[in-house]
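Text of run-v6.pdb, listed as PDB, C-alpha atoms:
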ATOM      1  CA  MET A   1     -11.513  35.674 -43.239  1.00  0.00           C
ATOM      2  CA  LYS A   2     -12.268  32.794 -40.895  1.00  0.00           C
ATOM      3  CA  VAL A   3     -10.537  32.529 -37.581  1.00  0.00           C
ATOM      4  CA  PRO A   4     -10.007  28.907 -36.451  1.00  0.00           C
ATOM      5  CA  LEU A   5     -11.641  28.122 -33.154  1.00  0.00           C
ATOM      6  CA  VAL A   6      -9.275  26.772 -30.572  1.00  0.00           C
ATOM      7  CA  GLN A   7     -10.999  24.443 -28.175  1.00  0.00           C
ATOM      8  CA  ALA A   8      -9.159  24.548 -24.922  1.00  0.00           C
ATOM      9  CA  ARG A   9      -9.821  21.693 -22.566  1.00  0.00           C
ATOM     10  CA  ARG A  10     -11.824  22.916 -19.618  1.00  0.00           C
ATOM     11  CA  GLN A  11     -10.149  22.223 -16.326  1.00  0.00           C
ATOM     12  CA  PRO A  12     -12.501  21.086 -13.571  1.00  0.00           C
ATOM     13  CA  ARG A  13     -12.738  23.334 -10.587  1.00  0.00           C
ATOM     14  CA  PRO A  14     -11.047  22.166  -7.379  1.00  0.00           C
ATOM     15  CA  ARG A  15     -14.372  21.832  -5.524  1.00  0.00           C
ATOM     16  CA  GLN A  16     -15.717  19.562  -8.242  1.00  0.00           C
ATOM     17  CA  VAL A  17     -12.615  17.403  -8.116  1.00  0.00           C
ATOM     18  CA  ILE A  18     -12.793  17.104  -4.330  1.00  0.00           C
ATOM     19  CA  ALA A  19     -16.503  16.263  -4.461  1.00  0.00           C
ATOM     20  CA  ALA A  20     -15.904  13.589  -7.097  1.00  0.00           C
ATOM     21  CA  LEU A  21     -13.091  12.034  -5.062  1.00  0.00           C
ATOM     22  CA  ASN A  22     -15.175  12.069  -1.880  1.00  0.00           C
ATOM     23  CA  PHE A  23     -18.066  10.414  -3.703  1.00  0.00           C
ATOM     24  CA  ARG A  24     -15.768   7.741  -5.103  1.00  0.00           C
ATOM     25  CA  ILE A  25     -14.323   7.062  -1.627  1.00  0.00           C
ATOM     26  CA  VAL A  26     -17.789   6.717  -0.076  1.00  0.00           C
ATOM     27  CA  VAL A  27     -18.956   4.313  -2.789  1.00  0.00           C
ATOM     28  CA  LEU A  28     -15.828   2.163  -2.520  1.00  0.00           C
ATOM     29  CA  ALA A  29     -16.012   2.083   1.284  1.00  0.00           C
ATOM     30  CA  SER A  30     -19.644   0.963   1.079  1.00  0.00           C
ATOM     31  CA  ILE A  31     -18.748  -1.808  -1.371  1.00  0.00           C
ATOM     32  CA  ILE A  32     -15.949  -3.011   0.908  1.00  0.00           C
ATOM     33  CA  VAL A  33     -18.232  -3.153   3.959  1.00  0.00           C
ATOM     34  CA  VAL A  34     -20.835  -5.124   2.008  1.00  0.00           C
ATOM     35  CA  GLN A  35     -18.116  -7.471   0.745  1.00  0.00           C
ATOM     36  CA  LEU A  36     -16.953  -8.196   4.291  1.00  0.00           C
ATOM     37  CA  SER A  37     -20.465  -9.018   5.448  1.00  0.00           C
ATOM     38  CA  GLY A  38     -20.979 -11.166   2.346  1.00  0.00           C
ATOM     39  CA  LEU A  39     -17.794 -13.097   3.023  1.00  0.00           C
ATOM     40  CA  ALA A  40     -18.927 -13.704   6.590  1.00  0.00           C
ATOM     41  CA  ALA A  41     -22.283 -14.993   5.301  1.00  0.00           C
ATOM     42  CA  ALA A  42     -20.525 -17.240   2.759  1.00  0.00           C
ATOM     43  CA  LEU A  43     -18.274 -18.663   5.456  1.00  0.00           C
ATOM     44  CA  GLN A  44     -21.248 -19.338   7.715  1.00  0.00           C
ATOM     45  CA  ALA A  45     -23.171 -21.020   4.869  1.00  0.00           C
ATOM     46  CA  SER A  46     -20.142 -23.108   3.957  1.00  0.00           C
ATOM     47  CA  LEU A  47     -19.588 -24.256   7.526  1.00  0.00           C
ATOM     48  CA  ALA A  48     -23.290 -25.146   7.825  1.00  0.00           C
ATOM     49  CA  GLY A  49     -23.010 -27.402   4.774  1.00  0.00           C
ATOM     50  CA  HIS A  50     -24.883 -25.165   2.320  1.00  0.00           C
ATOM     51  CA  GLY A  51     -22.391 -25.203  -0.537  1.00  0.00           C
ATOM     52  CA  ALA A  52     -24.765 -23.879  -3.221  1.00  0.00           C
ATOM     53  CA  GLU A  53     -25.684 -20.821  -1.180  1.00  0.00           C
ATOM     54  CA  ALA A  54     -22.026 -20.140  -0.440  1.00  0.00           C
ATOM     55  CA  ALA A  55     -21.211 -20.362  -4.157  1.00  0.00           C
ATOM     56  CA  TRP A  56     -23.959 -17.860  -5.021  1.00  0.00           C
ATOM     57  CA  ILE A  57     -22.754 -15.449  -2.362  1.00  0.00           C
ATOM     58  CA  LEU A  58     -19.166 -15.720  -3.593  1.00  0.00           C
ATOM     59  CA  GLY A  59     -20.369 -15.099  -7.151  1.00  0.00           C
ATOM     60  CA  PHE A  60     -22.006 -11.877  -6.056  1.00  0.00           C
ATOM     61  CA  GLU A  61     -18.813 -11.007  -4.198  1.00  0.00           C
ATOM     62  CA  LEU A  62     -16.886 -11.284  -7.469  1.00  0.00           C
ATOM     63  CA  LEU A  63     -19.386  -8.925  -9.112  1.00  0.00           C
ATOM     64  CA  ALA A  64     -18.855  -6.449  -6.285  1.00  0.00           C
ATOM     65  CA  VAL A  65     -15.074  -6.658  -6.747  1.00  0.00           C
ATOM     66  CA  ALA A  66     -15.505  -5.977 -10.467  1.00  0.00           C
ATOM     67  CA  ALA A  67     -17.724  -2.970  -9.710  1.00  0.00           C
ATOM     68  CA  ALA A  68     -15.170  -1.639  -7.217  1.00  0.00           C
ATOM     69  CA  LEU A  69     -12.370  -1.989  -9.782  1.00  0.00           C
ATOM     70  CA  ILE A  70     -14.409  -0.182 -12.437  1.00  0.00           C
ATOM     71  CA  ILE A  71     -15.134   2.666 -10.044  1.00  0.00           C
ATOM     72  CA  ALA A  72     -11.568   2.877  -8.743  1.00  0.00           C
ATOM     73  CA  ARG A  73      -9.867   2.724 -12.152  1.00  0.00           C
ATOM     74  CA  GLY A  74     -12.471   4.619 -14.177  1.00  0.00           C
ATOM     75  CA  ASP A  75     -12.085   8.147 -15.456  1.00  0.00           C
ATOM     76  CA  PHE A  76     -15.391   9.913 -14.974  1.00  0.00           C
ATOM     77  CA  SER A  77     -14.332  13.358 -16.140  1.00  0.00           C
ATOM     78  CA  GLU A  78     -16.699  15.441 -18.207  1.00  0.00           C
ATOM     79  CA  PRO A  79     -16.049  15.472 -21.969  1.00  0.00           C
TER      80      PRO A  79
END

Encoded form using structure tokens:
Amino acid sequence: MKVPLVQARRQPRPRQVIAALNFRIVVLASIIVVQLSGLAAALQASLAGHGAEAAWILGFELLAVAAALIIARGDFSEP
């Protein structure tokens, strides 16, 4: 007689959840600070007449926004 195995979903411990949230907050705060400094550099380059450099900086800013959205909206729970 075989007994079916019931696979209960493991609930993460509260300390793990808090650590994961704190890590996510630190990463997002770092990205935001870098974005602000990048926007300041893009503004300075634009005002100095360096349009190509400003465009490159703004392109990297868009990549940083995409990374922040992936981190903020992602579900990084263990399988």

Could you tell me how far atom CA of A:Arg15 lies from atom CA of A:Val27, in Å and to one decimal?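 Taking atom CA of A:Arg15 as the start and atom CA of A:Val27 as the end point, the length is 18.3 Å.
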
List the neighbours of A:Ala66 out to 12 Å using all atoms listed in the file; skip same-chain residues closer than 6 positions along the sequence, and give me the result as a ChimeraX atom specification. /A:28,31-32,35,59-60,72-74

Report, in Å to a single decimal, how far apart atom CA of A:Gly38 and atom CA of A:Asn22 are.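 Atom-to-atom, atom CA of A:Asn22 and atom CA of A:Gly38 are spaced 24.3 Å apart.
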
What are the centre and edge lengths in Å, to one decimal, of the axis-aligned box around all listed atoms of stretch 18-21 of chain A with 4 Å added on each side, as AutoDock Vina command-line options?
--center_x -14.6 --center_y 14.6 --center_z -5.7 --size_x 11.7 --size_y 13.1 --size_z 10.8

Find the spatial neighbours of A:Ile71, counting all atoms listed in the file, within a cut-off of 12 Å - ignore same-chain residues fewer than 2 positions away - and output them as a list of chain:residue names.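 These residues fall inside the cut-off: A:Ala20, A:Leu21, A:Phe23, A:Arg24, A:Ile25, A:Val26, A:Val27, A:Leu28, A:Ala29, A:Ile31, A:Ala64, A:Val65, A:Ala66, A:Ala67, A:Ala68, A:Leu69, A:Arg73, A:Gly74, A:Asp75, A:Phe76.
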
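Closest approach to A:Ser46 among A:Val17, A:Ile70, A:Leu63, A:Leu58: A:Leu58, based on only C-alpha atoms.
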
Output of the PyMOL selection byres ((chain A and resi 55) around 12), listed as a list in words: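 Applying the PyMOL selection byres ((chain A and resi 55) around 12) to the structure shown produces Gly38, Leu39, Ala41, Ala42, Leu43, Gln44, Ala45, Ser46, Gly49, His50, Gly51, Ala52, Glu53, Ala54, Trp56, Ile57, Leu58, Gly59, Phe60, Glu61 and Leu62 of chain A.
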